[in-house]
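What follows is model_21.pdb (PDB, C-alpha atoms, pLDDT in the B column).
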MODEL        1
ATOM      1  CA  MET F 177      15.934  73.182 135.809  1.00 60.00           C
ATOM      2  CA  SER F 178      13.935  76.316 136.706  1.00 81.00           C
ATOM      3  CA  LYS F 179      11.787  76.349 139.831  1.00 87.00           C
ATOM      4  CA  VAL F 180       8.332  77.886 139.450  1.00 93.00           C
ATOM      5  CA  TYR F 181       6.024  78.766 142.343  1.00 94.00           C
ATOM      6  CA  LEU F 182       2.290  78.437 141.594  1.00 95.00           C
ATOM      7  CA  SER F 183       0.041  80.848 143.493  1.00 94.00           C
ATOM      8  CA  TYR F 184      -3.699  80.142 143.477  1.00 95.00           C
ATOM      9  CA  ALA F 185      -6.852  80.064 145.581  1.00 94.00           C
ATOM     10  CA  PRO F 186      -7.961  76.690 147.021  1.00 92.00           C
ATOM     11  CA  GLU F 187     -11.011  76.791 144.747  1.00 94.00           C
ATOM     12  CA  ASP F 188      -8.669  76.632 141.745  1.00 95.00           C
ATOM     13  CA  SER F 189      -6.685  73.561 142.784  1.00 93.00           C
ATOM     14  CA  GLN F 190      -7.678  71.595 139.669  1.00 94.00           C
ATOM     15  CA  ARG F 191      -6.364  74.354 137.410  1.00 95.00           C
ATOM     16  CA  ALA F 192      -3.165  74.501 139.463  1.00 94.00           C
ATOM     17  CA  GLU F 193      -2.676  70.752 139.132  1.00 94.00           C
ATOM     18  CA  GLU F 194      -3.181  70.962 135.351  1.00 95.00           C
ATOM     19  CA  LEU F 195      -0.577  73.733 135.108  1.00 95.00           C
ATOM     20  CA  ARG F 196       1.801  71.765 137.332  1.00 94.00           C
ATOM     21  CA  ARG F 197       1.632  68.772 134.982  1.00 94.00           C
ATOM     22  CA  ILE F 198       2.163  70.972 131.908  1.00 95.00           C
ATOM     23  CA  LEU F 199       5.210  72.662 133.418  1.00 95.00           C
ATOM     24  CA  MET F 200       6.732  69.381 134.578  1.00 93.00           C
ATOM     25  CA  ALA F 201       6.379  67.988 131.060  1.00 92.00           C
ATOM     26  CA  ARG F 202       8.412  70.972 129.805  1.00 91.00           C
ATOM     27  CA  GLY F 203      11.237  70.418 132.289  1.00 90.00           C
ATOM     28  CA  TYR F 204      10.260  72.929 134.997  1.00 91.00           C
ATOM     29  CA  ARG F 205      10.032  72.224 138.720  1.00 88.00           C
ATOM     30  CA  PRO F 206       6.656  73.636 139.822  1.00 90.00           C
ATOM     31  CA  TRP F 207       5.903  74.106 143.513  1.00 85.00           C
ATOM     32  CA  ILE F 208       2.302  74.150 144.713  1.00 76.00           C
ATOM     33  CA  ASP F 209       1.864  75.647 148.158  1.00 64.00           C
ATOM     34  CA  PRO F 210       0.216  73.317 150.656  1.00 56.00           C
ATOM     35  CA  GLN F 211      -2.946  74.394 152.403  1.00 54.00           C
ATOM     36  CA  PRO F 212      -2.298  75.552 155.987  1.00 50.00           C
ATOM     37  CA  ILE F 213      -2.223  72.718 158.507  1.00 48.00           C
ATOM     38  CA  GLU F 214      -2.646  73.568 162.165  1.00 49.00           C
ATOM     39  CA  GLY F 215       0.662  73.205 163.977  1.00 48.00           C
ATOM     40  CA  ALA F 216       2.719  72.986 160.757  1.00 46.00           C
ATOM     41  CA  ARG F 217       5.363  75.501 159.688  1.00 50.00           C
ATOM     42  CA  TRP F 218       3.422  76.341 156.546  1.00 49.00           C
ATOM     43  CA  HIS F 219       4.387  80.017 156.241  1.00 58.00           C
ATOM     44  CA  TYR F 220       8.056  79.194 156.764  1.00 58.00           C
ATOM     45  CA  GLU F 221       8.004  76.649 153.946  1.00 67.00           C
ATOM     46  CA  MET F 222       6.079  79.005 151.670  1.00 76.00           C
ATOM     47  CA  ASP F 223       8.551  81.874 152.160  1.00 75.00           C
ATOM     48  CA  ALA F 224      11.495  79.542 151.556  1.00 74.00           C
ATOM     49  CA  ALA F 225       9.892  78.224 148.365  1.00 79.00           C
ATOM     50  CA  ILE F 226       9.276  81.716 146.985  1.00 83.00           C
ATOM     51  CA  GLY F 227      12.834  82.688 147.881  1.00 77.00           C
ATOM     52  CA  ALA F 228      14.170  79.682 145.979  1.00 78.00           C
ATOM     53  CA  ALA F 229      11.890  80.103 142.959  1.00 85.00           C
ATOM     54  CA  ASP F 230      13.035  81.473 139.607  1.00 88.00           C
ATOM     55  CA  ALA F 231       9.518  82.751 138.855  1.00 92.00           C
ATOM     56  CA  LEU F 232       5.976  82.859 140.237  1.00 95.00           C
ATOM     57  CA  ILE F 233       2.764  82.244 138.281  1.00 96.00           C
ATOM     58  CA  VAL F 234      -0.556  83.574 139.612  1.00 96.00           C
ATOM     59  CA  LEU F 235      -3.746  81.794 138.566  1.00 96.00           C
ATOM     60  CA  LEU F 236      -6.023  84.824 138.516  1.00 96.00           C
ATOM     61  CA  THR F 237      -9.680  84.132 139.256  1.00 96.00           C
ATOM     62  CA  ALA F 238     -12.321  85.903 141.336  1.00 95.00           C
ATOM     63  CA  ALA F 239     -11.333  83.758 144.331  1.00 95.00           C
ATOM     64  CA  ALA F 240      -7.607  84.456 143.878  1.00 94.00           C
ATOM     65  CA  ALA F 241      -8.162  88.202 143.532  1.00 93.00           C
ATOM     66  CA  THR F 242      -9.687  88.360 147.010  1.00 92.00           C
ATOM     67  CA  SER F 243      -7.330  85.870 148.673  1.00 92.00           C
ATOM     68  CA  PRO F 244      -4.887  87.481 151.149  1.00 91.00           C
ATOM     69  CA  HIS F 245      -2.581  84.453 150.783  1.00 89.00           C
ATOM     70  CA  VAL F 246      -2.353  84.846 146.998  1.00 92.00           C
ATOM     71  CA  THR F 247      -1.741  88.600 147.319  1.00 92.00           C
ATOM     72  CA  TYR F 248       0.988  87.967 149.893  1.00 90.00           C
ATOM     73  CA  GLU F 249       2.699  85.422 147.651  1.00 91.00           C
ATOM     74  CA  TRP F 250       2.939  87.467 144.460  1.00 93.00           C
ATOM     75  CA  ALA F 251       3.822  90.629 146.395  1.00 90.00           C
ATOM     76  CA  LEU F 252       6.618  88.747 148.188  1.00 86.00           C
ATOM     77  CA  ALA F 253       7.958  87.492 144.852  1.00 86.00           C
ATOM     78  CA  LEU F 254       7.910  90.975 143.322  1.00 86.00           C
ATOM     79  CA  GLY F 255       9.684  92.401 146.344  1.00 80.00           C
ATOM     80  CA  ALA F 256      12.389  89.749 145.964  1.00 76.00           C
ATOM     81  CA  GLY F 257      12.899  90.628 142.299  1.00 78.00           C
ATOM     82  CA  ARG F 258      11.406  87.393 140.962  1.00 85.00           C
ATOM     83  CA  PRO F 259       9.538  87.472 137.616  1.00 91.00           C
ATOM     84  CA  VAL F 260       5.780  87.248 138.150  1.00 94.00           C
ATOM     85  CA  PHE F 261       3.318  86.008 135.515  1.00 96.00           C
ATOM     86  CA  ALA F 262      -0.489  86.021 135.630  1.00 96.00           C
ATOM     87  CA  ILE F 263      -2.805  83.595 133.862  1.00 96.00           C
ATOM     88  CA  ILE F 264      -6.238  85.205 133.687  1.00 96.00           C
ATOM     89  CA  TYR F 265      -9.160  82.814 133.883  1.00 96.00           C
ATOM     90  CA  GLU F 266     -11.988  85.086 135.014  1.00 93.00           C
ATOM     91  CA  GLU F 267     -12.990  88.720 135.215  1.00 90.00           C
ATOM     92  CA  ALA F 268     -11.944  89.917 138.655  1.00 88.00           C
ATOM     93  CA  PRO F 269     -10.953  93.123 140.462  1.00 88.00           C
ATOM     94  CA  GLU F 270      -7.163  93.336 140.480  1.00 85.00           C
ATOM     95  CA  HIS F 271      -4.579  95.027 142.626  1.00 87.00           C
ATOM     96  CA  PRO F 272      -3.027  97.821 140.497  1.00 87.00           C
ATOM     97  CA  ARG F 273       0.468  96.394 140.929  1.00 87.00           C
ATOM     98  CA  LEU F 274      -0.574  93.050 139.503  1.00 88.00           C
ATOM     99  CA  THR F 275      -1.765  94.667 136.262  1.00 85.00           C
ATOM    100  CA  ALA F 276       1.871  95.505 135.428  1.00 87.00           C
ATOM    101  CA  VAL F 277       3.197  91.928 135.374  1.00 92.00           C
ATOM    102  CA  THR F 278       3.412  89.714 132.271  1.00 93.00           C
ATOM    103  CA  ARG F 279      -0.099  88.440 131.586  1.00 94.00           C
ATOM    104  CA  TYR F 280      -1.704  85.643 129.577  1.00 96.00           C
ATOM    105  CA  ASP F 281      -5.483  85.739 129.055  1.00 95.00           C
ATOM    106  CA  ALA F 282      -6.933  82.238 128.763  1.00 95.00           C
ATOM    107  CA  ARG F 283     -10.348  83.728 127.933  1.00 95.00           C
ATOM    108  CA  ALA F 284      -9.054  84.938 124.566  1.00 94.00           C
ATOM    109  CA  PHE F 285      -8.654  81.364 123.249  1.00 95.00           C
ATOM    110  CA  SER F 286     -11.506  79.049 122.295  1.00 93.00           C
ATOM    111  CA  ASP F 287      -9.092  76.100 122.118  1.00 94.00           C
ATOM    112  CA  GLU F 288      -7.297  75.279 125.391  1.00 94.00           C
ATOM    113  CA  ASN F 289      -4.345  73.650 123.603  1.00 94.00           C
ATOM    114  CA  HIS F 290      -3.781  76.798 121.564  1.00 95.00           C
ATOM    115  CA  PHE F 291      -3.687  78.827 124.769  1.00 96.00           C
ATOM    116  CA  TRP F 292      -1.089  76.568 126.363  1.00 96.00           C
ATOM    117  CA  ASP F 293       1.070  76.735 123.219  1.00 95.00           C
ATOM    118  CA  HIS F 294       0.839  80.536 123.358  1.00 95.00           C
ATOM    119  CA  PHE F 295       1.603  80.659 127.082  1.00 95.00           C
ATOM    120  CA  LEU F 296       4.546  78.262 126.953  1.00 94.00           C
ATOM    121  CA  SER F 297       6.121  80.058 124.003  1.00 93.00           C
ATOM    122  CA  GLY F 298       6.091  83.397 125.821  1.00 92.00           C
ATOM    123  CA  PHE F 299       6.938  81.953 129.226  1.00 93.00           C
ATOM    124  CA  ASN F 300       9.927  79.997 127.886  1.00 92.00           C
ATOM    125  CA  GLN F 301      11.301  83.128 126.207  1.00 91.00           C
ATOM    126  CA  CYS F 302      10.926  85.160 129.402  1.00 89.00           C
ATOM    127  CA  MET F 303      12.622  82.487 131.493  1.00 88.00           C
ATOM    128  CA  ARG F 304      15.545  82.174 129.058  1.00 86.00           C
ATOM    129  CA  ARG F 305      15.984  85.935 129.082  1.00 82.00           C
ATOM    130  CA  ALA F 306      15.894  86.042 132.896  1.00 77.00           C
ATOM    131  CA  ALA F 307      18.462  83.234 133.086  1.00 74.00           C
ATOM    132  CA  ALA F 308      20.765  85.082 130.676  1.00 71.00           C
ATOM    133  CA  GLU F 309      20.492  88.254 132.761  1.00 64.00           C
ATOM    134  CA  ARG F 310      21.329  86.340 135.950  1.00 58.00           C
ATOM    135  CA  GLN F 311      24.312  84.775 134.245  1.00 58.00           C
ATOM    136  CA  SER F 312      25.602  88.157 133.054  1.00 51.00           C
ATOM    137  CA  ARG F 313      25.434  89.508 136.617  1.00 47.00           C
ATOM    138  CA  ALA F 314      27.020  86.447 138.204  1.00 48.00           C
ATOM    139  CA  CYS F 315      30.615  86.491 139.282  1.00 45.00           C
ATOM    140  CA  SER F 316      33.124  84.071 137.790  1.00 43.00           C
ATOM    141  CA  PHE F 317      33.186  80.675 139.513  1.00 43.00           C
ATOM    142  CA  ASP F 318      36.402  79.534 137.765  1.00 47.00           C
ATOM    143  CA  GLU F 319      38.496  79.763 140.930  1.00 56.00           C
ATOM    144  CA  LEU F 320      35.907  78.418 143.343  1.00 63.00           C
ATOM    145  CA  PRO F 321      36.655  75.058 144.961  1.00 68.00           C
ATOM    146  CA  GLU F 322      34.733  71.939 144.102  1.00 73.00           C
ATOM    147  CA  ILE F 323      31.946  71.368 146.618  1.00 79.00           C
ATOM    148  CA  ASP F 324      30.784  67.863 147.469  1.00 80.00           C
ATOM    149  CA  LYS F 325      27.015  68.134 147.896  1.00 80.00           C
ATOM    150  CA  SER F 326      26.327  64.451 148.361  1.00 82.00           C
ATOM    151  CA  ALA F 327      25.083  65.354 151.856  1.00 88.00           C
ATOM    152  CA  MET F 328      22.168  67.788 151.682  1.00 92.00           C
ATOM    153  CA  PRO F 329      19.464  68.853 154.140  1.00 91.00           C
ATOM    154  CA  THR F 330      15.993  67.523 153.394  1.00 90.00           C
ATOM    155  CA  GLU F 331      13.675  69.414 155.758  1.00 92.00           C
ATOM    156  CA  PRO F 332      12.219  72.593 154.201  1.00 91.00           C
ATOM    157  CA  GLY F 333      13.915  75.781 155.308  1.00 91.00           C
ATOM    158  CA  TYR F 334      17.152  77.767 155.234  1.00 93.00           C
ATOM    159  CA  TRP F 335      20.412  75.918 155.972  1.00 95.00           C
ATOM    160  CA  ILE F 336      24.109  76.579 156.496  1.00 96.00           C
ATOM    161  CA  VAL F 337      26.158  73.453 155.751  1.00 96.00           C
ATOM    162  CA  MET F 338      29.857  73.156 156.574  1.00 95.00           C
ATOM    163  CA  ARG F 339      31.612  71.802 153.475  1.00 93.00           C
ATOM    164  CA  ARG F 340      35.170  72.256 154.746  1.00 91.00           C
ATOM    165  CA  GLY F 341      36.138  72.681 158.373  1.00 89.00           C
ATOM    166  CA  PRO F 342      36.201  70.887 161.731  1.00 89.00           C
ATOM    167  CA  HIS F 343      32.759  69.291 161.240  1.00 88.00           C
ATOM    168  CA  GLN F 344      32.374  68.518 157.534  1.00 89.00           C
ATOM    169  CA  ASN F 345      28.747  68.280 156.332  1.00 91.00           C
ATOM    170  CA  GLN F 346      27.404  69.577 159.646  1.00 94.00           C
ATOM    171  CA  MET F 347      23.968  71.048 158.900  1.00 96.00           C
ATOM    172  CA  ASN F 348      22.594  74.067 160.733  1.00 96.00           C
ATOM    173  CA  GLN F 349      19.005  75.134 160.122  1.00 95.00           C
ATOM    174  CA  LEU F 350      18.443  78.880 160.343  1.00 95.00           C
ATOM    175  CA  GLU F 351      15.405  79.422 162.555  1.00 91.00           C
ATOM    176  CA  ARG F 352      16.118  82.875 163.986  1.00 93.00           C
ATOM    177  CA  ALA F 353      15.839  86.249 162.312  1.00 94.00           C
ATOM    178  CA  VAL F 354      19.454  87.016 163.333  1.00 96.00           C
ATOM    179  CA  VAL F 355      22.141  84.317 163.340  1.00 97.00           C
ATOM    180  CA  ALA F 356      25.709  84.956 164.539  1.00 96.00           C
ATOM    181  CA  ILE F 357      28.633  82.854 163.295  1.00 97.00           C
ATOM    182  CA  GLY F 358      32.099  82.897 164.833  1.00 95.00           C
ATOM    183  CA  ARG F 359      34.711  81.141 166.957  1.00 93.00           C
ATOM    184  CA  ASP F 360      33.206  82.079 170.329  1.00 94.00           C
ATOM    185  CA  ARG F 361      30.796  79.568 171.828  1.00 93.00           C
ATOM    186  CA  ALA F 362      28.271  82.364 172.356  1.00 94.00           C
ATOM    187  CA  ASN F 363      27.552  82.397 168.615  1.00 96.00           C
ATOM    188  CA  ASP F 364      24.521  80.591 167.202  1.00 96.00           C
ATOM    189  CA  ILE F 365      26.925  78.655 164.961  1.00 96.00           C
ATOM    190  CA  ALA F 366      30.307  78.260 166.668  1.00 95.00           C
ATOM    191  CA  ILE F 367      33.276  77.228 164.494  1.00 94.00           C
ATOM    192  CA  ARG F 368      36.445  76.434 166.424  1.00 91.00           C
ATOM    193  CA  ASP F 369      39.098  77.353 163.887  1.00 89.00           C
ATOM    194  CA  GLY F 370      41.980  79.815 164.012  1.00 87.00           C
ATOM    195  CA  GLN F 371      40.942  81.494 160.753  1.00 89.00           C
ATOM    196  CA  VAL F 372      37.552  82.382 162.242  1.00 93.00           C
ATOM    197  CA  SER F 373      37.186  85.529 164.345  1.00 94.00           C
ATOM    198  CA  ARG F 374      35.396  85.409 167.682  1.00 93.00           C
ATOM    199  CA  TYR F 375      32.392  87.145 166.094  1.00 95.00           C
ATOM    200  CA  HIS F 376      32.966  86.697 162.385  1.00 96.00           C
ATOM    201  CA  LEU F 377      29.694  87.404 160.581  1.00 97.00           C
ATOM    202  CA  ARG F 378      25.993  87.913 161.049  1.00 97.00           C
ATOM    203  CA  LEU F 379      23.028  86.655 159.012  1.00 97.00           C
ATOM    204  CA  THR F 380      19.835  88.725 159.146  1.00 95.00           C
ATOM    205  CA  LEU F 381      16.498  87.651 157.683  1.00 93.00           C
ATOM    206  CA  GLN F 382      14.962  90.464 155.632  1.00 87.00           C
ATOM    207  CA  ASP F 383      11.641  89.669 153.948  1.00 76.00           C
ATOM    208  CA  GLN F 384      12.339  86.106 152.760  1.00 80.00           C
ATOM    209  CA  ASP F 385      16.131  86.325 152.222  1.00 85.00           C
ATOM    210  CA  TYR F 386      19.075  86.234 154.595  1.00 93.00           C
ATOM    211  CA  GLN F 387      21.581  89.065 154.327  1.00 93.00           C
ATOM    212  CA  LEU F 388      25.223  88.387 155.253  1.00 96.00           C
ATOM    213  CA  GLU F 389      27.327  91.010 157.030  1.00 95.00           C
ATOM    214  CA  ASP F 390      31.006  90.575 157.945  1.00 94.00           C
ATOM    215  CA  LEU F 391      31.646  91.883 161.469  1.00 94.00           C
ATOM    216  CA  GLY F 392      35.142  93.228 160.831  1.00 91.00           C
ATOM    217  CA  SER F 393      36.708  89.767 160.918  1.00 92.00           C
ATOM    218  CA  THR F 394      40.486  89.465 160.752  1.00 90.00           C
ATOM    219  CA  ASN F 395      40.600  87.073 157.787  1.00 90.00           C
ATOM    220  CA  GLY F 396      37.490  88.254 155.993  1.00 92.00           C
ATOM    221  CA  THR F 397      34.433  86.636 154.449  1.00 94.00           C
ATOM    222  CA  ARG F 398      33.960  85.814 150.766  1.00 93.00           C
ATOM    223  CA  VAL F 399      30.740  84.889 148.981  1.00 91.00           C
ATOM    224  CA  ASN F 400      31.307  83.017 145.717  1.00 89.00           C
ATOM    225  CA  GLY F 401      34.901  84.186 145.711  1.00 86.00           C
ATOM    226  CA  LEU F 402      34.190  87.877 146.263  1.00 87.00           C
ATOM    227  CA  ARG F 403      35.224  89.627 149.482  1.00 89.00           C
ATOM    228  CA  VAL F 404      32.214  90.939 151.405  1.00 89.00           C
ATOM    229  CA  SER F 405      32.448  94.613 152.366  1.00 85.00           C
ATOM    230  CA  THR F 406      28.740  95.483 152.651  1.00 87.00           C
ATOM    231  CA  SER F 407      25.556  93.629 153.529  1.00 90.00           C
ATOM    232  CA  THR F 408      25.094  90.944 150.856  1.00 91.00           C
ATOM    233  CA  ARG F 409      21.914  89.045 149.995  1.00 90.00           C
ATOM    234  CA  LEU F 410      22.440  85.291 149.889  1.00 93.00           C
ATOM    235  CA  ASN F 411      21.068  83.036 147.160  1.00 90.00           C
ATOM    236  CA  ASP F 412      20.497  79.305 147.149  1.00 89.00           C
ATOM    237  CA  GLY F 413      23.797  77.449 146.692  1.00 89.00           C
ATOM    238  CA  ASP F 414      26.091  80.363 147.561  1.00 91.00           C
ATOM    239  CA  ILE F 415      29.556  79.388 148.807  1.00 93.00           C
ATOM    240  CA  ILE F 416      30.714  81.260 151.906  1.00 95.00           C
ATOM    241  CA  ALA F 417      34.420  81.238 152.825  1.00 94.00           C
ATOM    242  CA  LEU F 418      35.637  82.289 156.270  1.00 95.00           C
ATOM    243  CA  GLY F 419      39.328  83.000 155.917  1.00 90.00           C
ATOM    244  CA  ASP F 420      41.162  80.278 154.018  1.00 85.00           C
ATOM    245  CA  SER F 421      40.085  77.207 155.961  1.00 87.00           C
ATOM    246  CA  ILE F 422      36.287  77.228 156.315  1.00 92.00           C
ATOM    247  CA  LEU F 423      33.789  76.701 153.498  1.00 94.00           C
ATOM    248  CA  LEU F 424      30.044  76.855 154.075  1.00 95.00           C
ATOM    249  CA  THR F 425      27.115  76.666 151.685  1.00 95.00           C
ATOM    250  CA  TYR F 426      23.774  78.420 151.990  1.00 95.00           C
ATOM    251  CA  ASP F 427      21.095  75.944 150.893  1.00 93.00           C
ATOM    252  CA  LEU F 428      17.352  76.408 150.571  1.00 92.00           C
ATOM    253  CA  VAL F 429      15.061  73.413 150.753  1.00 89.00           C
ATOM    254  CA  TYR F 430      11.389  73.711 149.848  1.00 76.00           C
ATOM    255  CA  GLN F 431       8.603  71.204 149.784  1.00 66.00           C
ATOM    256  CA  GLU F 432       7.930  69.709 146.363  1.00 59.00           C
TER
ENDMDL
END
As structure tokens - that is how I would like this structure written.
Amino acid sequence: MSKVYLSYAPEDSQRAEELRRILMARGYRPWIDPQPIEGARWHYEMDAAIGAADALIVLLTAAAATSPHVTYEWALALGAGRPVFAIIYEEAPEHPRLTAVTRYDARAFSDENHFWDHFLSGFNQCMRRAAAERQSRACSFDELPEIDKSAMPTEPGYWIVMRRGPHQNQMNQLERAVVAIGRDRANDIAIRDGQVSRYHLRLTLQDQDYQLEDLGSTNGTRVNGLRVSTSTRLNDGDIIALGDSILLTYDLVYQE
């Protein structure tokens, strides 16, 4: 089920809710960003949601075109390589970069139902094509172990969960820009196992994604079965193996 982030100005909340219902009826999981609440970790949740999304849809109106939050959201998605789509509701000045994304002009249709049929036909095709491209780039999971994900974090954010090791299903929320993992107690996540080097790997937050770097560990680090030799961007659900005894998963949780 594809996750879709909806980016819009507060003035367009009714349009966003209509689109959310339409997408849900077609089997998508739309995410509407909450309005900022004082004291809440709103930006953290928003970045995590965009990082976990398969696509972002901008509801382009005069209010959205001048909103710094909307601009930040679609720019973040483009920088992360996520497909971005624009639904145009009103004439508005646009950022030049936004004019290059896939666009659907609601003003060109006198019948709203005809517009949604047109939009969904094109959007579904684009999403199927993107999914096929991701699949063609993905490594083979045939030899990966079965992972029991009955225990999952629920608070929005980035998580490392131990699936095999001394503390099975231990959940560690990533709240720092740099997170060290290793056997030594000085690490942010300490794993007391002989297969784990004292300073085994490092996670670094870049934009909205964590990058994994092996620190010359004795027994190596594998992501989805492939040995890590350079900095590697993590994706939701990735399986991280430290040597032969430790299995971790990288899980993103975003607010529905």
Determine the nearest neighbour of F:Gly227 from the options F:Asp427, F:Asp385, F:Glu194, F:Asp420, counting all atoms listed in the file.
F:Asp385
Exactly which residues make up the result of the PyMOL selection byres ((chain F and resi 271-280) around 8) on this file, given as an NGL selection string?
:F and (241 or 260-264 or 269-270 or 281-282 or 295)
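Between F:Arg352 and the residues F:Glu267, F:Asp364, F:Asp383, F:Asp324, the shortest atom-to-atom distance, using all atoms listed in the file, involves F:Asp364.
For the atom pair formed by atom CA of F:Trp207 and atom CA of F:Cys302, the distance is 18.6 Å, given to one decimal.
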Nearby residues (all atoms listed in the file) at most 12 Å from F:Arg258, same-chain spacing under 6 positions excluded, as a PyMOL selection string:
chain F and resi 179-181+225-233+249-252+277+302-303+306-307+310+384
Can I get the selected residues back with C-alpha atoms, as a PDB file, in the frame of the given file?
ATOM      1  CA  LYS F 179      11.787  76.349 139.831  1.00 87.00           C
ATOM      2  CA  VAL F 180       8.332  77.886 139.450  1.00 93.00           C
ATOM      3  CA  TYR F 181       6.024  78.766 142.343  1.00 94.00           C
ATOM      4  CA  ALA F 225       9.892  78.224 148.365  1.00 79.00           C
ATOM      5  CA  ILE F 226       9.276  81.716 146.985  1.00 83.00           C
ATOM      6  CA  GLY F 227      12.834  82.688 147.881  1.00 77.00           C
ATOM      7  CA  ALA F 228      14.170  79.682 145.979  1.00 78.00           C
ATOM      8  CA  ALA F 229      11.890  80.103 142.959  1.00 85.00           C
ATOM      9  CA  ASP F 230      13.035  81.473 139.607  1.00 88.00           C
ATOM     10  CA  ALA F 231       9.518  82.751 138.855  1.00 92.00           C
ATOM     11  CA  LEU F 232       5.976  82.859 140.237  1.00 95.00           C
ATOM     12  CA  ILE F 233       2.764  82.244 138.281  1.00 96.00           C
ATOM     13  CA  GLU F 249       2.699  85.422 147.651  1.00 91.00           C
ATOM     14  CA  TRP F 250       2.939  87.467 144.460  1.00 93.00           C
ATOM     15  CA  ALA F 251       3.822  90.629 146.395  1.00 90.00           C
ATOM     16  CA  LEU F 252       6.618  88.747 148.188  1.00 86.00           C
ATOM     17  CA  VAL F 277       3.197  91.928 135.374  1.00 92.00           C
ATOM     18  CA  CYS F 302      10.926  85.160 129.402  1.00 89.00           C
ATOM     19  CA  MET F 303      12.622  82.487 131.493  1.00 88.00           C
ATOM     20  CA  ALA F 306      15.894  86.042 132.896  1.00 77.00           C
ATOM     21  CA  ALA F 307      18.462  83.234 133.086  1.00 74.00           C
ATOM     22  CA  ARG F 310      21.329  86.340 135.950  1.00 58.00           C
ATOM     23  CA  GLN F 384      12.339  86.106 152.760  1.00 80.00           C
TER      24      GLN F 384
END
Just want the 10 Å neighbourhood of F:Leu377, counted on all atoms listed in the file, with same-chain residues fewer than 4 positions away dropped. Output as an NGL selection string.
:F and (355-358 or 363 or 372-373 or 388-393 or 396-397 or 418)
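If all atoms listed in the file are the atoms counted, then among F:Ile367, F:Leu182, F:Val429, F:Leu381 the closest residue to F:Ala253 is F:Leu182.
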